[in-house]
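Step one of this worksheet: look at the structure below.
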Amino acid sequence: MNSQLKRGTLELCALCVVNRSDCYGYELVNRISKCMEITEGTIYPLMKRLKDSGLIESYIVESPEGPPRKYYKITDGGREELGRLSEEWFGFTKSINELLKGESVDESN
């Protein structure tokens, strides 16, 4: 996938995943990696930006399998942003799909 396109959709994907359930960074990478290739080095700066923007919060949970894990959860503001981004995404992809299918192209110009 084109890196510019990936970068533009990653915030939407991260908010969507943490909206479904709280998760830690590695788990988040694994879930998002099912639809696009990403690394942990990509996700942590994004999660910091989302946290600084008040869209997510983090908390620490002790792990029986190693060091404590930082979990992320969505805030009310994050849910609102997810709704806005989702509407944008569905409108955008609908328009692009119509264009690709030749359904919305005004060929008279």
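In the structure tokens, chains take the letters A, B, ... in the order shown, each chain's residues start at 1, and ligands count up from 1 in the order shown.
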A:Asn30: which residues within 9 Å, counting only C-alpha atoms, same-chain residues fewer than 5 positions away excluded, as a PyMOL selection string? chain A and resi 25+38-39
Emit the selected residues as a PDB file, in the first residue's frame, including N, CA, C and O atoms.
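The result, written out as out-v7.pdb:
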```
ATOM      1  N   GLY A  25       0.179  -1.827  22.733  1.00  0.00           N
ATOM      2  CA  GLY A  25       0.787  -1.502  21.447  1.00  0.00           C
ATOM      3  C   GLY A  25       1.005  -2.670  20.514  1.00  0.00           C
ATOM      4  O   GLY A  25       0.619  -2.622  19.340  1.00  0.00           O
ATOM      5  N   ILE A  38       2.226  -2.658   9.057  1.00  0.00           N
ATOM      6  CA  ILE A  38       2.773  -1.597   9.906  1.00  0.00           C
ATOM      7  C   ILE A  38       3.741  -2.208  10.907  1.00  0.00           C
ATOM      8  O   ILE A  38       3.761  -3.427  11.084  1.00  0.00           O
ATOM      9  N   THR A  39       4.504  -1.369  11.565  1.00  0.00           N
ATOM     10  CA  THR A  39       5.444  -1.837  12.584  1.00  0.00           C
ATOM     11  C   THR A  39       5.152  -1.125  13.897  1.00  0.00           C
ATOM     12  O   THR A  39       4.449  -0.105  13.930  1.00  0.00           O
TER      13      THR A  39
END
```
What's the 7 Å shell around A:Thr75, counting only C-alpha atoms, without same-chain residues fewer than 6 positions away, as number ranges by chain? A: 55-57
DSSP on the backbone, then: every residue of stretch 17-78 of chain A marked alpha helix (DSSP H), written as a ChimeraX atom specification. /A:17-20,25-32,40-52,76-78
Residues at most 8 Å from A:Leu15, counting only C-alpha atoms, excluding those fewer than 3 positions away in the same chain, as a ChimeraX atom specification? /A:11-12,18-19,74,78-79,82
Quick one: write out the picked residues with all heavy atoms as a short mmCIF file (atom, residue, chain, number, x, y, z; two decimals), in the first residue's frame?
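Final output, again.cif:
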```cif
data_model
loop_
_atom_site.label_atom_id
_atom_site.label_comp_id
_atom_site.auth_asym_id
_atom_site.auth_seq_id
_atom_site.Cartn_x
_atom_site.Cartn_y
_atom_site.Cartn_z
N GLU A 11 -4.59 6.59 11.56
CA GLU A 11 -5.29 7.16 12.72
C GLU A 11 -6.70 6.59 12.83
O GLU A 11 -7.15 6.20 13.91
CB GLU A 11 -5.35 8.69 12.61
CG GLU A 11 -6.06 9.35 13.76
CD GLU A 11 -6.04 10.87 13.68
OE1 GLU A 11 -5.03 11.44 13.22
OE2 GLU A 11 -7.04 11.49 14.09
N LEU A 12 -7.40 6.53 11.70
CA LEU A 12 -8.75 5.96 11.68
C LEU A 12 -8.71 4.50 12.15
O LEU A 12 -9.53 4.09 12.98
CB LEU A 12 -9.33 6.05 10.27
CG LEU A 12 -10.65 5.37 10.00
CD1 LEU A 12 -11.76 5.93 10.88
CD2 LEU A 12 -11.02 5.50 8.53
N VAL A 18 -9.12 0.57 19.09
CA VAL A 18 -9.25 0.83 20.54
C VAL A 18 -10.68 1.15 20.92
O VAL A 18 -11.04 1.04 22.10
CB VAL A 18 -8.26 1.91 21.06
CG1 VAL A 18 -6.83 1.45 20.91
CG2 VAL A 18 -8.49 3.24 20.41
N ASN A 19 -11.52 1.50 19.96
CA ASN A 19 -12.94 1.69 20.25
C ASN A 19 -13.61 0.35 20.54
O ASN A 19 -14.51 0.27 21.36
CB ASN A 19 -13.64 2.39 19.09
CG ASN A 19 -15.07 2.75 19.40
OD1 ASN A 19 -15.36 3.40 20.40
ND2 ASN A 19 -15.98 2.32 18.54
N ILE A 74 -10.02 4.48 24.23
CA ILE A 74 -10.54 5.66 23.55
C ILE A 74 -11.30 6.54 24.54
O ILE A 74 -11.88 6.05 25.51
CB ILE A 74 -11.43 5.22 22.36
CG1 ILE A 74 -11.65 6.37 21.39
CG2 ILE A 74 -12.74 4.62 22.85
CD1 ILE A 74 -12.19 5.94 20.03
N GLY A 78 -12.35 10.90 21.40
CA GLY A 78 -11.85 9.95 20.42
C GLY A 78 -12.98 9.28 19.66
O GLY A 78 -12.89 9.07 18.44
N ARG A 79 -14.07 8.97 20.37
CA ARG A 79 -15.24 8.38 19.70
C ARG A 79 -15.86 9.38 18.72
O ARG A 79 -16.27 9.01 17.63
CB ARG A 79 -16.26 7.91 20.73
CG ARG A 79 -15.96 6.51 21.26
CD ARG A 79 -17.08 5.99 22.14
NE ARG A 79 -16.97 6.47 23.51
CZ ARG A 79 -16.09 6.03 24.40
NH1 ARG A 79 -15.24 5.10 24.07
NH2 ARG A 79 -16.06 6.52 25.62
N LEU A 82 -13.55 9.50 15.76
CA LEU A 82 -13.73 8.27 15.00
C LEU A 82 -14.98 8.37 14.13
O LEU A 82 -14.95 8.00 12.95
CB LEU A 82 -13.82 7.06 15.93
CG LEU A 82 -14.15 5.72 15.28
CD1 LEU A 82 -13.12 5.34 14.23
CD2 LEU A 82 -14.28 4.64 16.36
#
```
